[in-house]
file run_17.cif (mmCIF, C-alpha atoms)
data_upload
loop_
_atom_site.label_atom_id
_atom_site.label_comp_id
_atom_site.auth_asym_id
_atom_site.auth_seq_id
_atom_site.Cartn_x
_atom_site.Cartn_y
_atom_site.Cartn_z
CA MET A 1 0.00 0.00 0.00
CA ASP A 2 3.09 2.25 0.16
CA GLY A 3 2.71 5.33 -1.99
CA LEU A 4 -1.06 4.92 -2.39
CA MET A 5 -2.80 8.30 -2.07
CA VAL A 6 -6.42 8.35 -0.96
CA ASP A 7 -8.46 11.50 -1.44
CA VAL A 8 -10.52 12.27 1.63
CA ASP A 9 -12.85 15.27 1.65
CA THR A 10 -12.18 16.82 5.05
CA ASP A 11 -13.96 20.09 4.33
CA PRO A 12 -16.97 20.78 6.56
CA PRO A 13 -20.38 20.58 4.78
CA TRP A 14 -20.92 24.33 5.05
CA SER A 15 -17.72 25.00 3.10
CA LYS A 16 -19.78 24.55 -0.07
CA LEU A 17 -22.02 27.50 0.84
CA PRO A 18 -21.49 30.81 -1.01
CA GLU A 19 -18.63 32.75 0.59
CA PRO A 20 -20.67 35.98 0.90
CA LEU A 21 -23.35 34.04 2.82
CA ILE A 22 -20.73 32.60 5.18
CA GLY A 23 -19.43 36.11 5.83
CA ALA A 24 -22.94 37.44 6.50
CA LEU A 25 -23.60 34.57 8.93
CA ARG A 26 -20.41 35.43 10.83
CA GLU A 27 -21.74 38.95 11.34
CA LEU A 28 -25.23 37.78 12.23
CA ALA A 29 -23.91 35.29 14.81
CA ARG A 30 -22.56 38.21 16.86
CA THR A 31 -26.06 39.62 17.36
CA LYS A 32 -27.00 39.81 21.04
CA ARG A 33 -30.68 38.84 20.64
CA LEU A 34 -31.38 36.84 17.49
CA LEU A 35 -34.66 35.61 16.02
CA VAL A 36 -34.35 32.69 13.61
CA ALA A 37 -37.64 32.45 11.68
CA LEU A 38 -38.12 29.61 9.23
CA ASP A 39 -40.68 28.42 6.73
CA PHE A 40 -41.21 24.65 6.89
CA ASP A 41 -42.18 23.06 3.55
CA GLY A 42 -39.51 23.48 0.89
CA THR A 43 -37.19 25.09 3.44
CA LEU A 44 -36.61 22.75 6.38
CA ALA A 45 -38.45 19.85 4.75
CA PRO A 46 -38.41 18.70 1.11
CA GLU A 47 -41.72 18.98 -0.72
CA VAL A 48 -43.76 15.75 -0.70
CA ASP A 49 -47.06 14.72 -2.28
CA ASP A 50 -48.73 14.06 1.09
CA PRO A 51 -48.23 17.21 3.23
CA GLU A 52 -48.77 15.31 6.49
CA LYS A 53 -45.77 13.10 5.72
CA ALA A 54 -43.40 16.07 5.42
CA ARG A 55 -40.55 16.11 7.93
CA ALA A 56 -37.56 18.38 8.40
CA LEU A 57 -34.26 16.95 7.21
CA PRO A 58 -32.39 15.40 10.17
CA GLU A 59 -29.54 17.90 9.75
CA ALA A 60 -31.97 20.82 9.75
CA ARG A 61 -33.80 19.52 12.82
CA ALA A 62 -30.53 19.02 14.69
CA ALA A 63 -29.45 22.59 13.93
CA VAL A 64 -32.84 23.99 14.99
CA LEU A 65 -32.65 22.11 18.30
CA ARG A 66 -29.16 23.49 18.92
CA LEU A 67 -30.33 27.04 18.26
CA LEU A 68 -33.36 26.55 20.52
CA ALA A 69 -31.04 25.65 23.38
CA MET A 70 -28.92 28.79 23.09
CA PRO A 71 -29.43 31.88 25.27
CA TYR A 72 -30.63 35.10 23.63
CA THR A 73 -31.79 33.04 20.62
CA ARG A 74 -35.41 32.40 19.68
CA VAL A 75 -36.54 30.08 16.89
CA ALA A 76 -39.91 30.38 15.16
CA LEU A 77 -41.58 28.45 12.37
CA VAL A 78 -43.62 30.73 10.10
CA SER A 79 -45.81 28.58 7.88
CA GLY A 80 -48.90 28.62 5.75
CA ARG A 81 -49.95 25.34 7.38
CA ALA A 82 -52.74 25.28 9.92
CA MET A 83 -51.32 25.23 13.44
CA LYS A 84 -52.47 21.68 14.19
CA SER A 85 -50.68 20.37 11.09
CA LEU A 86 -47.57 22.46 11.78
CA GLU A 87 -47.30 21.14 15.34
CA GLN A 88 -47.56 17.57 14.08
CA VAL A 89 -45.02 17.70 11.27
CA ALA A 90 -42.51 19.94 13.08
CA ASP A 91 -42.63 18.16 16.46
CA LEU A 92 -40.51 20.77 18.25
CA PRO A 93 -40.16 21.62 21.95
CA ASP A 94 -42.56 24.14 23.46
CA SER A 95 -39.78 26.75 23.44
CA ALA A 96 -40.23 27.04 19.66
CA LEU A 97 -42.57 29.83 18.59
CA LEU A 98 -45.07 28.76 15.93
CA VAL A 99 -46.97 30.80 13.36
CA GLY A 100 -49.60 28.96 11.31
CA SER A 101 -51.89 30.00 8.46
CA HIS A 102 -49.66 32.92 7.45
CA GLY A 103 -50.09 34.61 10.85
CA ILE A 104 -53.71 33.88 11.66
CA GLU A 105 -52.59 31.39 14.33
CA ILE A 106 -49.71 32.17 16.70
CA ARG A 107 -48.34 30.06 19.55
CA LEU A 108 -46.20 32.11 21.89
CA ASP A 109 -44.82 31.47 25.34
CA PRO A 110 -47.76 30.73 26.98
CA ASP A 111 -50.12 29.41 24.32
CA ASP A 112 -52.19 32.18 22.80
CA ASP A 113 -55.11 31.53 20.45
CA HIS A 114 -55.57 34.23 17.83
CA SER A 115 -57.75 32.16 15.56
CA ALA A 116 -61.29 32.42 16.96
CA LEU A 117 -63.68 33.72 14.29
CA ASP A 118 -66.64 35.94 14.99
CA SER A 119 -70.08 35.03 13.62
CA ALA A 120 -69.75 37.18 10.49
CA GLU A 121 -66.38 35.67 9.62
CA GLN A 122 -67.69 32.16 10.19
CA ALA A 123 -70.59 32.83 7.82
CA ARG A 124 -68.13 33.88 5.12
CA VAL A 125 -66.04 30.76 5.74
CA ASP A 126 -69.17 28.65 5.26
CA VAL A 127 -69.73 30.26 1.85
CA LEU A 128 -66.11 29.59 0.90
CA ASN A 129 -66.59 25.97 1.87
CA LEU A 130 -69.55 25.57 -0.47
CA VAL A 131 -67.96 27.37 -3.41
CA LEU A 132 -64.51 25.79 -3.20
CA GLY A 133 -65.93 22.38 -2.35
CA GLU A 134 -67.77 22.35 -5.67
CA VAL A 135 -64.58 23.30 -7.54
CA ALA A 136 -62.58 20.54 -5.84
CA ASP A 137 -65.28 17.93 -6.46
CA SER A 138 -65.43 18.78 -10.15
CA MET A 139 -61.71 18.31 -10.85
CA ASP A 140 -59.52 15.19 -10.69
CA GLN A 141 -56.77 15.22 -8.06
CA VAL A 142 -57.83 18.60 -6.64
CA TRP A 143 -58.60 18.68 -2.94
CA LEU A 144 -59.58 21.16 -0.26
CA GLU A 145 -57.78 21.71 3.05
CA GLU A 146 -59.60 23.49 5.87
CA LYS A 147 -57.76 26.41 7.47
CA PRO A 148 -58.76 28.44 10.57
CA ALA A 149 -60.06 31.35 8.48
CA GLY A 150 -60.59 29.78 5.08
CA PHE A 151 -59.43 27.00 2.78
CA ALA A 152 -56.49 25.94 0.64
CA LEU A 153 -57.18 24.44 -2.79
CA HIS A 154 -54.39 21.95 -3.52
CA THR A 155 -53.55 21.01 -7.10
CA ARG A 156 -50.13 19.37 -6.68
CA LEU A 157 -51.36 15.99 -7.92
CA ALA A 158 -53.48 17.38 -10.77
CA THR A 159 -52.38 17.78 -14.37
CA GLU A 160 -51.04 21.18 -15.35
CA HIS A 161 -54.24 21.85 -17.32
CA ASN A 162 -56.56 20.89 -14.46
CA SER A 163 -54.50 22.88 -12.00
CA ARG A 164 -54.72 26.01 -14.12
CA VAL A 165 -58.47 25.59 -14.69
CA ALA A 166 -59.12 24.94 -10.99
CA HIS A 167 -57.30 28.13 -10.02
CA LEU A 168 -59.16 30.24 -12.58
CA VAL A 169 -62.58 28.82 -11.71
CA ALA A 170 -61.98 29.10 -7.96
CA ARG A 171 -60.94 32.75 -8.21
CA SER A 172 -63.93 33.57 -10.40
CA GLU A 173 -66.53 31.72 -8.30
CA VAL A 174 -65.28 33.14 -5.00
CA ALA A 175 -65.19 36.70 -6.40
CA ALA A 176 -68.80 36.29 -7.55
CA GLU A 177 -69.96 35.29 -4.06
CA LEU A 178 -67.74 37.22 -1.65
CA SER A 179 -65.78 40.48 -1.64
CA GLY A 180 -62.68 41.24 0.39
CA VAL A 181 -61.38 37.68 0.51
CA THR A 182 -57.58 37.41 0.73
CA VAL A 183 -56.18 35.13 -1.98
CA ARG A 184 -52.62 33.79 -1.85
CA GLU A 185 -51.06 31.73 -4.63
CA GLY A 186 -48.25 29.34 -3.67
CA LYS A 187 -46.67 26.28 -5.24
CA ASN A 188 -49.62 24.25 -6.56
CA VAL A 189 -51.94 25.75 -3.96
CA LEU A 190 -54.42 28.60 -3.89
CA GLU A 191 -55.47 29.85 -0.46
CA PHE A 192 -58.58 31.85 0.39
CA SER A 193 -58.96 33.56 3.77
CA VAL A 194 -61.55 35.85 5.32
CA ARG A 195 -58.75 37.44 7.35
CA SER A 196 -55.86 39.36 5.84
CA THR A 197 -52.46 38.48 7.30
CA THR A 198 -49.00 37.98 5.80
CA LYS A 199 -45.79 36.31 6.87
CA GLY A 200 -44.22 39.77 6.89
CA GLU A 201 -46.68 40.92 9.55
CA ALA A 202 -46.01 37.72 11.49
CA VAL A 203 -42.24 38.28 11.45
CA GLU A 204 -42.69 41.85 12.67
CA HIS A 205 -44.94 40.60 15.46
CA LEU A 206 -42.30 38.04 16.45
CA ARG A 207 -39.54 40.66 16.30
CA GLN A 208 -41.41 42.87 18.74
CA TYR A 209 -42.39 39.96 20.98
CA THR A 210 -38.84 38.57 21.27
CA GLY A 211 -37.04 41.92 21.36
CA ALA A 212 -34.71 40.66 18.63
CA ASP A 213 -31.86 42.88 17.49
CA ALA A 214 -31.73 41.02 14.16
CA VAL A 215 -33.76 38.43 12.26
CA PHE A 216 -32.72 35.51 10.08
CA PHE A 217 -35.56 34.36 7.83
CA ALA A 218 -35.48 31.47 5.35
CA GLY A 219 -38.29 30.54 2.96
CA ASP A 220 -38.95 29.14 -0.49
CA ASP A 221 -42.41 30.20 -1.66
CA VAL A 222 -44.09 33.29 -3.05
CA THR A 223 -45.77 33.91 0.32
CA ASP A 224 -42.32 34.12 1.97
CA GLU A 225 -41.56 37.24 -0.06
CA ASP A 226 -43.72 39.25 2.36
CA ALA A 227 -41.33 38.21 5.14
CA PHE A 228 -38.25 39.07 3.06
CA ALA A 229 -39.79 42.48 2.37
CA ALA A 230 -40.14 43.09 6.12
CA LEU A 231 -36.44 42.51 6.82
CA GLY A 232 -34.14 45.42 7.62
CA ALA A 233 -30.48 46.25 7.06
CA ASP A 234 -29.28 44.18 10.03
CA ASP A 235 -31.38 41.13 9.09
CA LEU A 236 -30.59 38.25 6.74
CA GLY A 237 -32.99 36.66 4.24
CA LEU A 238 -32.29 33.29 2.62
CA LYS A 239 -34.23 32.00 -0.38
CA SER A 240 -34.44 28.22 -0.78
CA GLY A 241 -34.73 27.21 -4.42
CA GLU A 242 -35.52 29.02 -7.63
CA GLY A 243 -37.69 32.04 -8.40
CA SER A 244 -37.35 35.80 -8.10
CA THR A 245 -36.81 37.00 -4.55
CA LEU A 246 -36.12 39.94 -2.25
CA ALA A 247 -33.86 37.79 -0.07
CA ASN A 248 -30.19 38.74 0.32
CA PHE A 249 -28.96 35.22 -0.43
CA ARG A 250 -30.06 32.04 -2.18
CA VAL A 251 -29.28 28.32 -1.79
CA GLN A 252 -30.44 25.36 -3.87
CA GLY A 253 -32.86 23.79 -1.40
CA PRO A 254 -33.45 22.25 2.05
CA GLU A 255 -30.07 20.48 2.20
CA GLN A 256 -28.25 23.79 1.85
CA VAL A 257 -30.64 25.44 4.32
CA ALA A 258 -29.68 22.73 6.82
CA ARG A 259 -25.99 23.46 6.24
CA THR A 260 -26.62 27.16 6.71
CA LEU A 261 -28.42 26.62 10.01
CA ALA A 262 -25.67 24.27 11.22
CA LEU A 263 -23.04 26.91 10.45
CA LEU A 264 -25.09 29.61 12.19
CA ALA A 265 -25.34 27.34 15.24
CA ASP A 266 -21.57 26.69 15.17
CA LEU A 267 -20.76 30.38 14.91
CA ARG A 268 -23.34 31.49 17.44
CA GLU A 269 -22.31 28.84 19.95
CA GLY A 270 -18.82 30.31 19.94
CA ASP A 271 -20.00 33.91 20.16
CA VAL A 272 -22.59 33.23 22.87
CA HIS A 273 -19.99 31.41 24.96
CA GLU A 274 -17.80 34.51 24.80
CA GLN A 275 -20.54 36.88 26.05
#
call {"tool": "encode", "arguments": {"input": "run_17.cif", "output": "structure tokens"}}
result
Amino acid sequence: MDGLMVDVDTDPPWSKLPEPLIGALRELARTKRLLVALDFDGTLAPEVDDPEKARALPEARAAVLRLLAMPYTRVALVSGRAMKSLEQVADLPDSALLVGSHGIEIRLDPDDDHSALDSAEQARVDVLNLVLGEVADSMDQVWLEEKPAGFALHTRLATEHNSRVAHLVARSEVAAELSGVTVREGKNVLEFSVRSTTKGEAVEHLRQYTGADAVFFAGDDVTDEDAFAALGADDLGLKSGEGSTLANFRVQGPEQVARTLALLADLREGDVHEQ
């Protein structure tokens, strides 16, 4: 075996991240009070056909748990999922802050319920149920998910043609029956809500609640752009995947998000220990 050279890749996983992102994370890790806010699907967890089977990548979960255990560091999931679904798929300790349904539902430090509808809102939700239920029933592989203040029309399993038709018909039928309904278009999903909230408003709420000096936010979908738009000069936005974005930085997908979070935890662990 003398003279045999074996190539061993000893570089840490995060070494493959963009150098400007690594530099920005070094600066962010020095923040006294940091809020790490994360979308779930497509960011911590790969997209799957059955949303209830989605799980964060093990590396991402490990990094989140490390950050949760650090002083002066709060971690929040900011998702379009209903809170019940988010709690199930995320399965995080109670110290994690959770935002479901784009901000309609918020779980803080003790549990707070912001989702109760008044009678007028409930009546509008009932109309949405009838209208969107008919659309879903009329199209193959299109299904309706109940949300606290509305419904999500899922077309991930439908053909491209059926998906496009379902979106057009749903928009038209809802507009004919109800005014002032908030409509959000995501990846293969169209959401209708009788309350108007955005992930940007949710991040601002969390910033105030935690007293954060800076915010790290990572997301992959169109609805995450509201959160990126709410970030300031001292914050850091990370886009997971393709598509136009207001985020400062971009990575290819959940695997690179996991590496980013692991590096942030490494850097912050060192800085926090020095404080």
call {"tool": "closest_residue", "arguments": {"input": "run_17.cif", "among": "A:Lys16, A:Lys239, A:Arg268, A:Lys53", "to": "Met70 of chain A", "atoms": "all atoms listed in the file"}}
result
A:Arg268
call {"tool": "residues_around", "arguments": {"input": "run_17.cif", "residues": "Gln122 of chain A", "least_positions_apart": "5", "cutoff": "12 Å", "atoms": "all atoms listed in the file", "output": "PyMOL selection string"}}
result
chain A and resi 115-117+127-129+147-150+193-195
call {"tool": "write_last_selection", "arguments": {"input": "run_17.cif", "atoms": "C-alpha atoms", "output": "tab-separated table (two decimals), in the frame of the given file"}}
result
chain	number	residue	atom	x	y	z
A	115	SER	CA	-57.75	32.16	15.56
A	116	ALA	CA	-61.29	32.42	16.96
A	117	LEU	CA	-63.68	33.72	14.29
A	127	VAL	CA	-69.73	30.26	1.85
A	128	LEU	CA	-66.11	29.59	0.90
A	129	ASN	CA	-66.59	25.97	1.87
A	147	LYS	CA	-57.76	26.41	7.47
A	148	PRO	CA	-58.76	28.44	10.57
A	149	ALA	CA	-60.06	31.35	8.48
A	150	GLY	CA	-60.59	29.78	5.08
A	193	SER	CA	-58.96	33.56	3.77
A	194	VAL	CA	-61.55	35.85	5.32
A	195	ARG	CA	-58.75	37.44	7.35
call {"tool": "residues_around", "arguments": {"input": "run_17.cif", "residues": "segment 256-263 of chain A", "least_positions_apart": "6", "cutoff": "9 Å", "atoms": "only C-alpha atoms", "output": "PDB file with C-alpha atoms, keeping the file's coordinate frame"}}
result
ATOM      1  CA  PRO A  13     -20.380  20.580   4.780  1.00  0.00           C
ATOM      2  CA  TRP A  14     -20.920  24.330   5.050  1.00  0.00           C
ATOM      3  CA  SER A  15     -17.720  25.000   3.100  1.00  0.00           C
ATOM      4  CA  LYS A  16     -19.780  24.550  -0.070  1.00  0.00           C
ATOM      5  CA  LEU A  17     -22.020  27.500   0.840  1.00  0.00           C
ATOM      6  CA  LEU A  21     -23.350  34.040   2.820  1.00  0.00           C
ATOM      7  CA  ILE A  22     -20.730  32.600   5.180  1.00  0.00           C
ATOM      8  CA  LEU A  25     -23.600  34.570   8.930  1.00  0.00           C
ATOM      9  CA  ARG A  26     -20.410  35.430  10.830  1.00  0.00           C
ATOM     10  CA  THR A  43     -37.190  25.090   3.440  1.00  0.00           C
ATOM     11  CA  LEU A  44     -36.610  22.750   6.380  1.00  0.00           C
ATOM     12  CA  LEU A  57     -34.260  16.950   7.210  1.00  0.00           C
ATOM     13  CA  PRO A  58     -32.390  15.400  10.170  1.00  0.00           C
ATOM     14  CA  GLU A  59     -29.540  17.900   9.750  1.00  0.00           C
ATOM     15  CA  ALA A  60     -31.970  20.820   9.750  1.00  0.00           C
ATOM     16  CA  ARG A  61     -33.800  19.520  12.820  1.00  0.00           C
ATOM     17  CA  ALA A  62     -30.530  19.020  14.690  1.00  0.00           C
ATOM     18  CA  ALA A  63     -29.450  22.590  13.930  1.00  0.00           C
ATOM     19  CA  VAL A  64     -32.840  23.990  14.990  1.00  0.00           C
ATOM     20  CA  ARG A  66     -29.160  23.490  18.920  1.00  0.00           C
ATOM     21  CA  LEU A  67     -30.330  27.040  18.260  1.00  0.00           C
ATOM     22  CA  ALA A 218     -35.480  31.470   5.350  1.00  0.00           C
ATOM     23  CA  LEU A 238     -32.290  33.290   2.620  1.00  0.00           C
ATOM     24  CA  LYS A 239     -34.230  32.000  -0.380  1.00  0.00           C
ATOM     25  CA  SER A 240     -34.440  28.220  -0.780  1.00  0.00           C
TER      26      SER A 240
END
call {"tool": "closest_residue", "arguments": {"input": "run_17.cif", "among": "A:Asp226, A:Glu177, A:Asp213, A:Asp91", "to": "Glu201 of chain A", "atoms": "only C-alpha atoms"}}
result
A:Asp226
call {"tool": "closest_residue", "arguments": {"input": "run_17.cif", "among": "A:Ala96, A:Glu225, A:Thr210, A:Asp50", "to": "Thr155 of chain A", "atoms": "only C-alpha atoms"}}
result
A:Asp50
call {"tool": "residues_around", "arguments": {"input": "run_17.cif", "residues": "Val183 of chain A", "least_positions_apart": "3", "cutoff": "10 Å", "atoms": "all atoms listed in the file", "output": "NGL selection string"}}
result
:A and (150-152 or 171 or 174 or 180 or 186 or 190-196)
call {"tool": "atom_distance", "arguments": {"input": "run_17.cif", "atom1": "atom CA of Leu28 of chain A", "atom2": "atom CA of Leu236 of chain A"}}
result
7.7 Å
call {"tool": "atom_distance", "arguments": {"input": "run_17.cif", "atom1": "atom CA of Thr223 of chain A", "atom2": "atom CA of Glu173 of chain A"}}
result
22.6 Å
call {"tool": "resolve_selection", "arguments": {"input": "run_17.cif", "expression": "the PyMOL selection byres ((chain A and resi 134) around 12)", "output": "JSON, numbers by chain"}}
result
{"A": [127, 128, 129, 130, 131, 132, 133, 135, 136, 137, 138, 139, 142, 143, 144, 153, 166, 169, 170, 173, 174]}
call {"tool": "closest_residue", "arguments": {"input": "run_17.cif", "among": "A:Leu86, A:Leu68, A:Leu264, A:Ala45", "to": "Glu27 of chain A", "atoms": "only C-alpha atoms"}}
result
A:Leu264
